[in-house]
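**Q** Sharing protein24.tsv (TSV, C-alpha atoms) below.
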chain	number	residue	atom	x	y	z
T	1	MET	CA	0.00	0.00	0.00
T	2	PHE	CA	2.76	2.45	0.92
T	3	GLU	CA	4.59	1.95	-2.37
T	4	LYS	CA	1.39	2.93	-4.15
T	5	LEU	CA	0.95	5.93	-1.85
T	6	ASP	CA	4.50	7.11	-2.61
T	7	LYS	CA	3.60	7.10	-6.32
T	8	VAL	CA	0.36	8.99	-5.63
T	9	GLU	CA	2.28	11.64	-3.66
T	10	GLU	CA	4.84	11.90	-6.44
T	11	ARG	CA	2.08	12.39	-9.03
T	12	PHE	CA	0.42	15.01	-6.80
T	13	ALA	CA	3.66	17.00	-6.58
T	14	GLN	CA	4.04	16.79	-10.35
T	15	ILE	CA	0.50	18.14	-10.86
T	16	GLU	CA	1.14	21.01	-8.44
T	17	SER	CA	4.17	22.05	-10.46
T	18	GLU	CA	2.26	21.80	-13.76
T	19	ILE	CA	-0.80	23.84	-12.74
T	20	VAL	CA	1.38	26.91	-12.13
T	21	ASP	CA	3.07	26.59	-15.53
T	22	PRO	CA	1.74	29.43	-17.78
T	23	ALA	CA	1.73	27.07	-20.79
T	24	VAL	CA	-0.59	24.67	-18.94
T	25	VAL	CA	-2.79	27.46	-17.56
T	26	SER	CA	-3.36	28.75	-21.09
T	27	ASP	CA	-4.54	25.29	-22.20
T	28	ARG	CA	-7.97	25.37	-20.61
T	29	GLU	CA	-8.86	21.73	-21.26
T	30	ARG	CA	-5.59	20.35	-19.89
T	31	TYR	CA	-5.68	22.72	-16.92
T	32	ALA	CA	-9.22	21.60	-16.05
T	33	ASP	CA	-8.21	17.92	-16.27
T	34	LEU	CA	-5.22	18.50	-13.98
T	35	MET	CA	-7.33	20.41	-11.46
T	36	ARG	CA	-9.86	17.56	-11.35
T	37	GLU	CA	-7.05	15.05	-10.77
T	38	HIS	CA	-5.54	17.33	-8.12
T	39	ALA	CA	-8.88	17.47	-6.27
T	40	GLU	CA	-9.20	13.67	-6.38
T	41	LEU	CA	-5.68	13.04	-5.07
T	42	GLN	CA	-5.62	15.79	-2.44
T	43	PRO	CA	-7.44	13.89	0.37
T	44	VAL	CA	-5.27	10.81	-0.20
T	45	VAL	CA	-2.03	12.80	-0.07
T	46	ALA	CA	-3.12	14.85	2.95
T	47	THR	CA	-3.99	11.70	4.88
T	48	TYR	CA	-0.77	9.97	3.84
T	49	ARG	CA	1.33	12.94	4.97
T	50	GLU	CA	-0.50	12.98	8.27
T	51	ARG	CA	0.18	9.28	8.63
T	52	LYS	CA	3.90	9.79	7.96
T	53	THR	CA	4.03	12.51	10.63
T	54	VAL	CA	2.37	10.21	13.17
T	55	SER	CA	4.80	7.40	12.24
T	56	GLU	CA	7.76	9.71	12.89
T	57	GLN	CA	6.30	10.69	16.25
T	58	ILE	CA	5.85	7.01	17.14
T	59	ALA	CA	9.47	6.28	16.20
T	60	GLU	CA	10.66	9.12	18.44
T	61	ALA	CA	8.46	7.97	21.31
T	62	GLU	CA	9.77	4.41	20.96
T	63	LEU	CA	13.33	5.71	21.30
T	64	LEU	CA	12.39	7.68	24.42
T	65	HIS	CA	10.72	4.58	25.81
T	66	GLU	CA	14.19	3.02	26.03
T	67	ASP	CA	15.58	5.98	28.01
T	68	ASP	CA	17.15	5.42	31.43
T	69	ASP	CA	14.97	8.12	32.96
T	70	ARG	CA	11.74	6.61	34.37
T	71	GLU	CA	9.67	9.78	33.89
T	72	MET	CA	10.81	9.99	30.28
T	73	ARG	CA	9.78	6.38	29.70
T	74	GLU	CA	6.35	7.00	31.25
T	75	MET	CA	5.86	10.10	29.09
T	76	ALA	CA	6.83	8.10	26.00
T	77	ALA	CA	4.41	5.31	26.95
T	78	THR	CA	1.58	7.85	27.27
T	79	GLU	CA	2.41	9.26	23.84
T	80	LEU	CA	2.45	5.79	22.28
T	81	ARG	CA	-0.95	4.95	23.74
T	82	ALA	CA	-2.35	8.01	21.96
T	83	LEU	CA	-0.37	7.76	18.73
T	84	GLU	CA	-0.76	4.07	17.86
T	85	PRO	CA	-4.60	4.14	17.61
T	86	GLU	CA	-4.29	7.30	15.51
T	87	ARG	CA	-1.89	5.50	13.15
T	88	ASP	CA	-4.36	2.59	12.87
T	89	ARG	CA	-7.20	5.02	12.13
T	90	LEU	CA	-5.18	6.69	9.38
T	91	ASP	CA	-4.26	3.30	7.90
T	92	ALA	CA	-7.94	2.38	7.72
T	93	GLU	CA	-8.77	5.74	6.14
T	94	LEU	CA	-6.02	5.31	3.55
T	95	LYS	CA	-7.32	1.86	2.62
T	96	ARG	CA	-10.78	3.36	2.15
T	97	LEU	CA	-9.44	6.22	0.03
T	98	LEU	CA	-7.53	3.79	-2.19
T	99	ILE	CA	-10.65	1.80	-3.08
T	100	PRO	CA	-11.07	2.24	-6.86
T	101	LYS	CA	-13.70	4.89	-7.52
T	102	ASP	CA	-16.72	4.00	-9.61
T	103	PRO	CA	-16.38	6.38	-12.58
T	104	LEU	CA	-20.16	6.43	-12.89
T	105	ASP	CA	-20.59	8.02	-9.44
T	106	LYS	CA	-19.92	11.46	-10.90
T	107	ARG	CA	-22.83	11.21	-13.31
T	108	ASN	CA	-26.36	12.48	-12.97
T	109	ALA	CA	-28.89	9.98	-11.64
T	110	ILE	CA	-32.21	8.89	-13.12
T	111	VAL	CA	-34.48	7.71	-10.30
T	112	GLU	CA	-37.50	5.60	-11.28
T	113	ILE	CA	-40.24	5.05	-8.68
T	114	ARG	CA	-43.10	2.60	-9.25
T	115	ALA	CA	-46.01	1.50	-7.07
T	116	GLY	CA	-45.82	-2.22	-6.32
T	117	THR	CA	-47.92	-4.45	-4.09
T	118	GLY	CA	-50.63	-2.59	-2.19
T	119	GLY	CA	-52.88	-0.83	-4.68
T	120	GLU	CA	-53.76	2.78	-3.92
T	121	GLU	CA	-51.72	2.81	-0.71
T	122	ALA	CA	-48.62	1.81	-2.70
T	123	ALA	CA	-49.35	4.60	-5.18
T	124	LEU	CA	-49.68	7.13	-2.35
T	125	PHE	CA	-46.37	6.02	-0.88
T	126	ALA	CA	-44.71	6.26	-4.31
T	127	GLY	CA	-45.72	9.92	-4.25
T	128	ASP	CA	-44.26	10.26	-0.74
T	129	LEU	CA	-40.94	8.79	-1.89
T	130	LEU	CA	-40.77	11.17	-4.83
T	131	ARG	CA	-41.31	14.16	-2.51
T	132	MET	CA	-38.66	12.77	-0.13
T	133	TYR	CA	-36.04	12.56	-2.88
T	134	LEU	CA	-36.95	16.01	-4.23
T	135	ARG	CA	-36.59	17.53	-0.75
T	136	TYR	CA	-33.24	15.84	-0.20
T	137	ALA	CA	-32.05	17.03	-3.60
T	138	GLU	CA	-33.16	20.60	-2.87
T	139	GLN	CA	-31.45	20.64	0.55
T	140	ASN	CA	-28.21	19.43	-1.03
T	141	ARG	CA	-28.37	21.74	-4.05
T	142	TYR	CA	-28.96	19.10	-6.67
T	143	LYS	CA	-31.04	20.08	-9.68
T	144	THR	CA	-34.11	17.98	-10.45
T	145	GLU	CA	-36.19	17.48	-13.57
T	146	LEU	CA	-39.34	15.38	-13.54
T	147	LEU	CA	-39.07	13.37	-16.76
T	148	ASN	CA	-42.36	11.52	-16.51
T	149	GLN	CA	-45.14	10.68	-14.08
T	150	ASN	CA	-48.28	8.58	-14.20
T	151	VAL	CA	-50.77	9.80	-11.61
T	152	ALA	CA	-53.08	7.34	-9.81
T	153	ALA	CA	-56.77	7.95	-9.15
T	154	MET	CA	-56.44	9.03	-5.48
T	155	GLY	CA	-53.55	11.39	-6.11
T	156	GLY	CA	-50.69	8.95	-5.70
T	157	LEU	CA	-48.29	7.86	-8.42
T	158	LYS	CA	-48.25	4.70	-10.47
T	159	GLU	CA	-44.84	5.76	-11.77
T	160	ALA	CA	-42.47	8.73	-11.61
T	161	ILE	CA	-39.09	9.26	-13.24
T	162	VAL	CA	-36.88	12.13	-12.10
T	163	MET	CA	-33.43	13.27	-13.21
T	164	ILE	CA	-31.17	14.40	-10.34
T	165	SER	CA	-28.19	16.44	-11.54
T	166	GLY	CA	-25.08	17.54	-9.70
T	167	ALA	CA	-21.70	16.43	-8.38
T	168	ASP	CA	-21.74	12.79	-7.27
T	169	ALA	CA	-25.50	12.51	-7.87
T	170	TYR	CA	-25.43	8.87	-8.98
T	171	GLY	CA	-22.91	7.97	-6.28
T	172	ARG	CA	-25.20	9.49	-3.66
T	173	PHE	CA	-28.45	7.92	-4.82
T	174	LYS	CA	-27.42	4.59	-6.33
T	175	HIS	CA	-28.00	2.55	-3.16
T	176	GLU	CA	-31.68	3.58	-3.13
T	177	GLY	CA	-32.43	0.96	-5.79
T	178	GLY	CA	-34.64	-1.86	-4.48
T	179	VAL	CA	-38.01	-2.46	-2.82
T	180	HIS	CA	-39.18	0.00	-0.17
T	181	ARG	CA	-41.82	-1.42	2.17
T	182	VAL	CA	-44.28	0.83	4.02
T	183	GLN	CA	-46.40	-0.10	7.04
T	184	ARG	CA	-49.13	2.36	7.98
T	185	VAL	CA	-52.85	2.84	8.43
T	186	PRO	CA	-54.42	4.03	5.15
T	187	GLU	CA	-56.74	7.04	5.31
T	188	THR	CA	-59.52	4.83	3.96
T	189	GLU	CA	-59.05	2.19	6.71
T	190	ALA	CA	-62.01	2.59	9.10
T	191	GLN	CA	-60.84	0.02	11.67
T	192	GLY	CA	-57.31	1.40	12.07
T	193	ARG	CA	-55.52	-1.68	10.76
T	194	VAL	CA	-51.93	-1.36	9.58
T	195	HIS	CA	-51.46	-2.25	5.91
T	196	THR	CA	-48.20	-3.24	4.24
T	197	SER	CA	-47.40	-1.99	0.74
T	198	ALA	CA	-44.35	-1.86	-1.49
T	199	VAL	CA	-42.77	0.57	-3.92
T	200	THR	CA	-39.87	-0.26	-6.23
T	201	VAL	CA	-37.06	2.18	-6.94
T	202	ALA	CA	-34.42	1.87	-9.67
T	203	VAL	CA	-31.47	4.27	-9.92
T	204	LEU	CA	-29.61	4.55	-13.22
T	205	PRO	CA	-26.56	6.62	-14.21
T	206	GLU	CA	-27.42	9.05	-16.98
T	207	ALA	CA	-26.10	7.69	-20.26
T	208	GLU	CA	-23.89	9.92	-22.38
T	209	SER	CA	-24.03	10.08	-26.16
T	210	LEU	CA	-20.95	7.88	-26.57
T	211	ASP	CA	-22.25	5.19	-24.19
T	212	VAL	CA	-25.15	3.91	-26.26
T	213	LYS	CA	-25.81	3.93	-29.98
T	214	ILE	CA	-29.39	3.21	-31.04
T	215	GLU	CA	-30.03	2.48	-34.71
T	216	ASP	CA	-33.24	3.89	-36.16
T	217	LYS	CA	-34.22	0.41	-37.32
T	218	ASP	CA	-34.02	-0.85	-33.73
T	219	MET	CA	-36.50	1.67	-32.32
T	220	ARG	CA	-40.24	2.04	-32.86
T	221	VAL	CA	-41.86	5.39	-32.09
T	222	ASP	CA	-45.58	5.61	-31.29
T	223	VAL	CA	-47.46	8.84	-30.54
T	224	TYR	CA	-50.84	9.18	-28.84
T	225	ARG	CA	-52.89	11.52	-26.68
T	226	SER	CA	-51.73	11.79	-23.07
T	227	SER	CA	-54.16	10.76	-20.36
T	228	GLY	CA	-54.73	11.51	-16.71
T	229	PRO	CA	-56.19	9.47	-13.82
T	230	GLY	CA	-58.97	7.17	-14.97
T	231	GLY	CA	-57.80	7.37	-18.55
T	232	GLN	CA	-59.41	10.70	-19.41
T	233	SER	CA	-57.68	12.64	-22.17
T	234	VAL	CA	-55.79	15.69	-20.96
T	235	ASN	CA	-54.50	16.74	-24.37
T	236	THR	CA	-56.16	17.37	-27.70
T	237	THR	CA	-53.02	16.56	-29.68
T	238	ASP	CA	-50.93	13.42	-30.05
T	239	SER	CA	-48.09	14.67	-27.84
T	240	ALA	CA	-47.42	11.56	-25.75
T	241	VAL	CA	-44.58	9.36	-27.00
T	242	ARG	CA	-43.85	5.67	-26.58
T	243	LEU	CA	-40.41	4.36	-27.57
T	244	THR	CA	-39.83	0.63	-28.00
T	245	HIS	CA	-36.30	-0.70	-28.30
T	246	ILE	CA	-36.92	-3.78	-30.41
T	247	PRO	CA	-33.76	-5.84	-29.61
T	248	SER	CA	-34.15	-5.54	-25.82
T	249	GLY	CA	-37.92	-5.14	-25.58
T	250	LEU	CA	-37.53	-2.07	-23.35
T	251	VAL	CA	-40.44	0.38	-23.56
T	252	VAL	CA	-40.44	4.00	-22.37
T	253	THR	CA	-43.37	6.40	-22.41
T	254	CYS	CA	-43.41	10.14	-21.72
T	255	GLN	CA	-46.48	12.35	-21.72
T	256	ASP	CA	-45.84	15.19	-19.25
T	257	GLU	CA	-44.91	17.80	-21.82
T	258	LYS	CA	-47.38	19.25	-24.32
T	259	SER	CA	-44.66	19.10	-26.95
T	260	GLN	CA	-44.21	15.78	-28.75
T	261	HIS	CA	-40.59	16.75	-29.44
T	262	LYS	CA	-39.83	17.30	-25.73
T	263	ASN	CA	-41.54	14.06	-24.73
T	264	LYS	CA	-39.52	12.14	-27.30
T	265	ALA	CA	-36.26	13.71	-26.08
T	266	ARG	CA	-37.06	12.77	-22.49
T	267	ALA	CA	-38.08	9.25	-23.43
T	268	LEU	CA	-34.87	8.79	-25.42
T	269	LYS	CA	-32.80	9.95	-22.43
T	270	ILE	CA	-34.48	7.37	-20.18
T	271	LEU	CA	-34.18	4.62	-22.80
T	272	MET	CA	-30.47	5.27	-23.31
T	273	SER	CA	-29.85	5.16	-19.56
T	274	ARG	CA	-31.75	1.88	-19.19
T	275	LEU	CA	-29.77	0.31	-22.04
T	276	PHE	CA	-26.52	1.62	-20.55
T	277	GLU	CA	-27.43	0.13	-17.17
T	278	LEU	CA	-28.15	-3.22	-18.80
T	279	GLU	CA	-24.71	-3.17	-20.39
T	280	GLN	CA	-23.08	-2.21	-17.09
T	281	GLN	CA	-24.82	-5.08	-15.33
T	282	LYS	CA	-23.53	-7.51	-17.93
T	283	ARG	CA	-20.00	-6.20	-17.57
T	284	ARG	CA	-20.02	-6.31	-13.80
T	285	ALA	CA	-21.57	-9.79	-13.81
T	286	GLU	CA	-22.89	-8.99	-10.33
T	287	VAL	CA	-26.54	-9.29	-11.20
T	288	ASP	CA	-28.65	-10.72	-14.00
T	289	ALA	CA	-28.55	-8.88	-17.30
T	290	ASP	CA	-32.24	-8.07	-16.96
T	291	ARG	CA	-32.56	-4.71	-15.20
T	292	ARG	CA	-35.75	-5.91	-13.50
T	293	SER	CA	-33.59	-7.94	-11.12
T	294	MET	CA	-32.61	-4.63	-9.56
T	295	VAL	CA	-36.10	-3.98	-8.24
T	296	GLY	CA	-37.62	-7.46	-8.17
T	297	SER	CA	-41.31	-7.98	-8.64
T	298	GLY	CA	-42.51	-5.45	-6.08
T	299	ASP	CA	-43.47	-8.21	-3.68
T	300	ARG	CA	-43.53	-7.25	0.02
T	301	SER	CA	-40.81	-9.73	0.94
T	302	GLU	CA	-38.13	-8.31	-1.38
T	303	ARG	CA	-37.33	-5.22	0.61
T	304	ILE	CA	-34.24	-3.15	1.30
T	305	ARG	CA	-35.91	-0.74	3.71
T	306	THR	CA	-39.04	-0.60	5.84
T	307	TYR	CA	-40.93	2.57	6.77
T	308	ASN	CA	-43.12	1.90	9.83
T	309	PHE	CA	-45.35	4.94	10.39
T	310	PRO	CA	-47.16	3.82	13.61
T	311	GLN	CA	-43.76	3.46	15.33
T	312	GLY	CA	-42.06	6.36	13.52
T	313	ARG	CA	-39.37	3.86	12.57
T	314	ILE	CA	-37.19	3.44	9.50
T	315	SER	CA	-35.05	0.31	9.07
T	316	ASP	CA	-32.48	-0.30	6.36
T	317	HIS	CA	-32.10	-4.08	6.23
T	318	ARG	CA	-28.81	-4.11	4.32
T	319	ILE	CA	-26.85	-2.41	7.10
T	320	GLY	CA	-29.03	-3.30	10.08
T	321	LEU	CA	-29.71	0.37	10.84
T	322	THR	CA	-32.93	1.36	12.60
T	323	LEU	CA	-33.82	4.98	13.36
T	324	TYR	CA	-36.86	6.45	15.07
T	325	SER	CA	-36.85	9.62	13.00
T	326	LEU	CA	-39.18	8.70	10.15
T	327	GLU	CA	-40.81	12.13	9.91
T	328	GLY	CA	-37.48	13.87	9.41
T	329	PHE	CA	-36.31	11.21	6.97
T	330	MET	CA	-39.41	11.65	4.81
T	331	ALA	CA	-38.73	15.41	4.91
T	332	GLY	CA	-35.36	14.81	3.25
T	333	ASP	CA	-33.09	14.29	6.27
T	334	MET	CA	-31.52	11.16	4.74
T	335	ASP	CA	-27.80	11.67	5.34
T	336	GLU	CA	-27.37	9.26	8.26
T	337	VAL	CA	-28.77	6.36	6.23
T	338	LEU	CA	-27.07	7.32	2.96
T	339	ASP	CA	-23.72	7.78	4.73
T	340	GLY	CA	-24.14	4.39	6.42
T	341	LEU	CA	-24.88	2.72	3.09
T	342	ARG	CA	-21.87	4.31	1.40
T	343	ALA	CA	-19.57	3.23	4.25
T	344	HIS	CA	-20.99	-0.31	4.16
T	345	PHE	CA	-20.52	-0.77	0.42
T	346	GLN	CA	-17.05	0.79	0.53
T	347	ALA	CA	-16.11	-1.75	3.22
T	348	GLU	CA	-17.50	-4.53	1.03
T	349	ALA	CA	-15.47	-3.25	-1.91
T	350	LEU	CA	-12.34	-3.19	0.29
T	351	LYS	CA	-12.91	-6.83	1.27
T	352	ALA	CA	-13.20	-7.73	-2.41
T	353	GLU	CA	-9.92	-6.01	-3.30
T	354	PRO	CA	-7.08	-8.49	-3.90
T	355	ALA	CA	-4.39	-8.52	-1.25
T	356	ARG	CA	-1.31	-6.47	-2.05
With the file now loaded, output its structure as structure tokens.
**A**
Amino acid sequence: MFEKLDKVEERFAQIESEIVDPAVVSDRERYADLMREHAELQPVVATYRERKTVSEQIAEAELLHEDDDREMREMAATELRALEPERDRLDAELKRLLIPKDPLDKRNAIVEIRAGTGGEEAALFAGDLLRMYLRYAEQNRYKTELLNQNVAAMGGLKEAIVMISGADAYGRFKHEGGVHRVQRVPETEAQGRVHTSAVTVAVLPEAESLDVKIEDKDMRVDVYRSSGPGGQSVNTTDSAVRLTHIPSGLVVTCQDEKSQHKNKARALKILMSRLFELEQQKRRAEVDADRRSMVGSGDRSERIRTYNFPQGRISDHRIGLTLYSLEGFMAGDMDEVLDGLRAHFQAEALKAEPAR
């Protein structure tokens, strides 16, 4: 590990000398690339330098621990008791920082929310999840764009697709993919019984133009009039668009905009991201090639998180974390859970790294 860190520090010093070179500064593209690399390496180098300082202090304390003077030895022993845990902490932090970064984390995220088991109650909770993500995004200065939504009869959502844009958007939201189970008393429940419903969430990295190439012959475009709850027409023109990718069978519909052109552009963005995710899944060989394996069937048993409203409890089953702050969480205060998930999956990635 330390041989690799020496090379990282050497590269960091090289970048620092280059970014003050007038010839580099005048080359805007190269300068921007170097500044991005500098920002990525800076926390690693800072931690490594801190670790080297602590190591030097330990070496000095170990020498003093051999001194003939008893008070000097006791002082050295006290210093070692403080310094050695700090060295271990820095070693653990360096291992975490050296985990290979997922290059997709920097991308924008497309979050798809769909009502699963539970009828109208599931649709209402799908709407709650959408508001939760929008609030979190707003609090953390992410930009959001609602790409498509299909409203249910009682005001909930059968489906919603939102683009979340900003630094590390996909990296922040990607662990939200899965089945979210809700336990609460529906407003229509006269006897106060708790019902269990499920909503599926899929999180995709936004595809870039070079990621996916779709041939015209492989895509069918259908246009029709958009509809609201109950199927009533809400438009007098054929502005809604349905795209079908023939080789994969993927279908995307968009009807929120009154412009057919805008709906088609949005649908194409979603389709490209779904195809890109399929390709990523195949490459990683971590899950089935079919993207539906990410969210399962929407059955109550396939859950990553449970929202229990009577108890005000939220439980993330992947990391064994239970909090009694459901109201705040639904209002967008999600950091404790999201931070816990990131730390958990980073630790899993570290375990999977081959020994050096």
**Q** Please tell me which residues are no farther than 12 Å from (-56.8, 1.0, 5.5) in the file, counting only C-alpha atoms, and write them as a PyMOL selection string.
**A** chain T and resi 118-122+183-197
**Q** For Pro85 in chain T, list every protein, DNA or RNA residue within 12 Å, evaluated using all atoms listed in the file, and leave out those in the same chain fewer than 4 positions away; present the list as a PyMOL selection string.
**A** chain T and resi 51+54-55+58+79-81+89-92
**Q** I need the chosen residues saved as a PDB file, in the coordinates of the input, with C-alpha atoms.
**A**
ATOM      1  CA  ARG T  51       0.180   9.280   8.630  1.00  0.00           C
ATOM      2  CA  VAL T  54       2.370  10.210  13.170  1.00  0.00           C
ATOM      3  CA  SER T  55       4.800   7.400  12.240  1.00  0.00           C
ATOM      4  CA  ILE T  58       5.850   7.010  17.140  1.00  0.00           C
ATOM      5  CA  GLU T  79       2.410   9.260  23.840  1.00  0.00           C
ATOM      6  CA  LEU T  80       2.450   5.790  22.280  1.00  0.00           C
ATOM      7  CA  ARG T  81      -0.950   4.950  23.740  1.00  0.00           C
ATOM      8  CA  ARG T  89      -7.200   5.020  12.130  1.00  0.00           C
ATOM      9  CA  LEU T  90      -5.180   6.690   9.380  1.00  0.00           C
ATOM     10  CA  ASP T  91      -4.260   3.300   7.900  1.00  0.00           C
ATOM     11  CA  ALA T  92      -7.940   2.380   7.720  1.00  0.00           C
TER      12      ALA T  92
END
**Q** Out of T:His65, T:Lys217, T:Arg131, T:Arg36, which residue has the shortest atom-to-atom distance to Ala77 in chain T when counting all atoms listed in the file?
**A** T:His65
**Q** Hey, what's within 10 Å of Met334 in chain T if we count all atoms listed in the file and toss same-chain stuff fewer than 3 positions away? As a PyMOL selection string, please?
**A** chain T and resi 132-133+135-136+325-326+328-331+337-339
**Q** For Asp128 in chain T, which of T:Leu104, T:Val223, T:Met163, T:Ile113 is the closest residue, counting only C-alpha atoms?
**A**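 Nearest candidate to Asp128 in chain T out of T:Leu104, T:Val223, T:Met163, T:Ile113: T:Ile113.
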**Q** Determine the nearest neighbour of Tyr307 in chain T from the options T:Tyr31, T:Phe173, T:Tyr324, T:Tyr224, counting only C-alpha atoms.
**A**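 Among T:Tyr31, T:Phe173, T:Tyr324, T:Tyr224, it is T:Tyr324 that comes nearest to Tyr307 in chain T.
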**Q** What is the CA of Gly166 in chain T-CA of Glu112 in chain T distance in Å, reported with one decimal?
**A**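 Taking CA of Gly166 in chain T as the start and CA of Glu112 in chain T as the end point, the length is 17.3 Å.
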**Q** Using all atoms listed in the file, which of T:Pro205, T:Asn150, T:Asp316, T:Glu56 sits nearest Ala240 in chain T?
**A**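 The answer is T:Asn150, which sits nearest to Ala240 in chain T.
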**Q** Go through T:Thr47, T:Gln255, T:Ser248, T:Asn263 one by one, measure the shortest atom-to-atom distance of each to Leu275 in chain T using only C-alpha atoms, and give the residue with the smallest value.
**A**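 For Leu275 in chain T, the nearest of the candidates is T:Ser248.
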**Q** Would you mind reading off the distance between CA of Glu336 in chain T and CA of Ile161 in chain T, one decimal, in Å?
**A**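 Answer for the CA of Glu336 in chain T to CA of Ile161 in chain T separation: 24.5 Å.
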**Q** Residues at most 10 Å from Arg274 in chain T, counting only C-alpha atoms, excluding those fewer than 6 positions away in the same chain, as a list in words?
**A** Ile110, Ala202, Val203, Leu204, Pro205, Glu206, Ala207, Val212, Leu250, Val251, Val252, Leu268, Gln280 and Arg291 of chain T
**Q** For each of T:Thr117, T:Ser239, T:Gln42, T:Gln281, take the minimum atom-to-atom distance to Gln260 in chain T, counting only C-alpha atoms, then give the residue where this is smallest.
**A**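 Of all the options, T:Ser239 lies closest to Gln260 in chain T.
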**Q** Rounded to one decimal place, report the CA of Arg220 in chain T-CA of Leu278 in chain T distance in Å.
**A**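 Going from CA of Arg220 in chain T over to CA of Leu278 in chain T, I get 19.3 Å.
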**Q** Show which residues sit within 12 Å of Val8 in chain T, as a PyMOL selection string. Count only C-alpha atoms, and ignore same-chain residues fewer than 2 positions away.
**A** chain T and resi 1-6+10-15+37-38+40-49+94+97-98
